[in-house]
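Take a look at the structure set out below.
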Amino acid sequence: MRTGFQLDGALGEGTVADTAMRDSGLSEPEGSHPPGGDPLERAVWRLRSRACWDDAAALLAPRAETEPEPALRRARVLIERCMFTASGWEAAADALRSAEAL
(Lines give C-alpha, C1' and ligand atoms only; values in the text may rest on other atoms or scores of the structure.)
Protein backbone atom coordinates (compact mmCIF):
# COMPACT_ATOMS: atom_id res chain seq x y z
CA MET A 1 0.00 0.00 0.00
CA ARG A 2 1.27 3.47 -0.88
CA THR A 3 1.58 6.01 1.84
CA GLY A 4 1.75 9.75 1.36
CA PHE A 5 0.21 9.56 -2.12
CA GLN A 6 -1.26 12.92 -3.12
CA LEU A 7 -3.05 14.16 -6.20
CA ASP A 8 -1.94 17.78 -5.72
CA GLY A 9 -1.11 19.22 -9.11
CA ALA A 10 -2.17 16.06 -10.94
CA LEU A 11 -4.51 18.00 -13.19
CA GLY A 12 -2.21 20.95 -13.79
CA GLU A 13 -2.37 24.51 -12.60
CA GLY A 14 -4.34 27.49 -13.81
CA THR A 15 -7.40 27.24 -15.99
CA VAL A 16 -8.25 24.09 -17.85
CA ALA A 17 -7.49 25.77 -21.17
CA ASP A 18 -4.05 26.91 -19.99
CA THR A 19 -3.29 23.38 -18.82
CA ALA A 20 -4.40 21.94 -22.14
CA MET A 21 -2.21 24.38 -24.08
CA ARG A 22 0.91 23.24 -22.22
CA ASP A 23 2.79 20.24 -23.54
CA SER A 24 2.40 17.56 -20.91
CA GLY A 25 5.69 15.89 -21.80
CA LEU A 26 3.93 12.53 -21.89
CA SER A 27 4.15 10.52 -25.04
CA GLU A 28 0.80 9.97 -26.70
CA PRO A 29 -0.05 6.99 -28.88
CA GLU A 30 0.27 7.52 -32.62
CA GLY A 31 -2.91 8.98 -34.07
CA SER A 32 -4.32 9.99 -30.69
CA HIS A 33 -3.92 13.70 -31.34
CA PRO A 34 -4.21 15.97 -34.36
CA PRO A 35 -1.35 15.62 -36.82
CA GLY A 36 1.08 18.47 -37.30
CA GLY A 37 1.50 19.39 -33.67
CA ASP A 38 -0.42 22.68 -33.92
CA PRO A 39 -0.67 23.85 -30.27
CA LEU A 40 -4.22 25.12 -30.72
CA GLU A 41 -5.41 21.84 -32.25
CA ARG A 42 -3.70 19.82 -29.54
CA ALA A 43 -5.28 21.99 -26.85
CA VAL A 44 -8.73 21.61 -28.41
CA TRP A 45 -8.23 17.84 -28.64
CA ARG A 46 -7.18 17.62 -24.99
CA LEU A 47 -10.14 19.71 -23.84
CA ARG A 48 -12.58 17.64 -25.90
CA SER A 49 -11.12 14.43 -24.48
CA ARG A 50 -11.79 15.81 -20.99
CA ALA A 51 -15.37 16.83 -21.85
CA CYS A 52 -14.45 20.53 -21.58
CA TRP A 53 -16.40 21.50 -24.69
CA ASP A 54 -17.09 25.10 -23.63
CA ASP A 55 -13.37 25.72 -23.04
CA ALA A 56 -12.46 24.14 -26.39
CA ALA A 57 -15.05 26.28 -28.17
CA ALA A 58 -13.73 29.38 -26.40
CA LEU A 59 -10.20 28.67 -27.68
CA LEU A 60 -11.51 28.48 -31.24
CA ALA A 61 -13.83 31.50 -30.95
CA PRO A 62 -11.39 34.29 -31.95
CA ARG A 63 -10.38 32.59 -35.20
CA ALA A 64 -13.92 31.31 -35.81
CA GLU A 65 -15.15 34.87 -36.28
CA THR A 66 -13.23 35.32 -39.53
CA GLU A 67 -11.99 31.91 -40.69
CA PRO A 68 -14.31 29.16 -41.98
CA GLU A 69 -12.29 26.12 -40.84
CA PRO A 70 -12.00 27.17 -37.16
CA ALA A 71 -15.68 28.18 -37.27
CA LEU A 72 -16.61 24.70 -38.48
CA ARG A 73 -14.38 23.07 -35.83
CA ARG A 74 -16.06 25.19 -33.15
CA ALA A 75 -19.50 24.13 -34.37
CA ARG A 76 -18.39 20.48 -34.26
CA VAL A 77 -17.20 20.88 -30.66
CA LEU A 78 -20.49 22.42 -29.58
CA ILE A 79 -22.52 19.78 -31.43
CA GLU A 80 -20.43 17.08 -29.75
CA ARG A 81 -21.32 18.62 -26.37
CA CYS A 82 -25.01 18.41 -27.30
CA MET A 83 -24.71 14.75 -28.19
CA PHE A 84 -23.14 13.89 -24.84
CA THR A 85 -25.11 16.24 -22.57
CA ALA A 86 -28.38 16.87 -24.44
CA SER A 87 -27.95 20.59 -23.72
CA GLY A 88 -26.55 23.65 -25.47
CA TRP A 89 -28.47 23.16 -28.71
CA GLU A 90 -29.02 26.89 -29.28
CA ALA A 91 -25.29 27.70 -29.03
CA ALA A 92 -24.46 24.81 -31.37
CA ALA A 93 -27.06 25.96 -33.91
CA ASP A 94 -25.74 29.53 -33.75
CA ALA A 95 -22.18 28.31 -34.26
CA LEU A 96 -23.23 26.22 -37.25
CA ARG A 97 -25.11 29.17 -38.83
CA SER A 98 -22.02 31.37 -38.32
CA ALA A 99 -19.76 28.76 -39.92
CA GLU A 100 -22.14 28.45 -42.88
CA ALA A 101 -22.14 32.23 -43.31
CA LEU A 102 -18.34 32.28 -43.65
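Order determines the names: the first chain of the C-alpha coordinates is A, the second B, and so forth; residues in each chain are numbered 1 upward, and ligands are numbered 1 upward as they are shown.
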
| message | Would you pick out the contacts of Ala91 of chain A at 10 Å or less, using only C-alpha atoms, so that residues sharing its chain but fewer than 3 positions from it are not included, and give the list as a count of residues only? | response | 10

| message | Just the number, please: distance in Å from atom CA of Arg81 of chain A to atom CA of Trp53 of chain A, one decimal. | response |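 Value for the atom CA of Arg81 of chain A-atom CA of Trp53 of chain A distance: 5.9 Å.
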
| field | atom CA of Val77 of chain A to atom CA of Asp55 of chain A, distance in Å rounded to a single decimal | value |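 Separation of atom CA of Val77 of chain A and atom CA of Asp55 of chain A: 9.8 Å.
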
| Point-to-point distance in Å for atom CA of Phe84 of chain A and atom CA of Glu67 of chain A | 26.5 Å
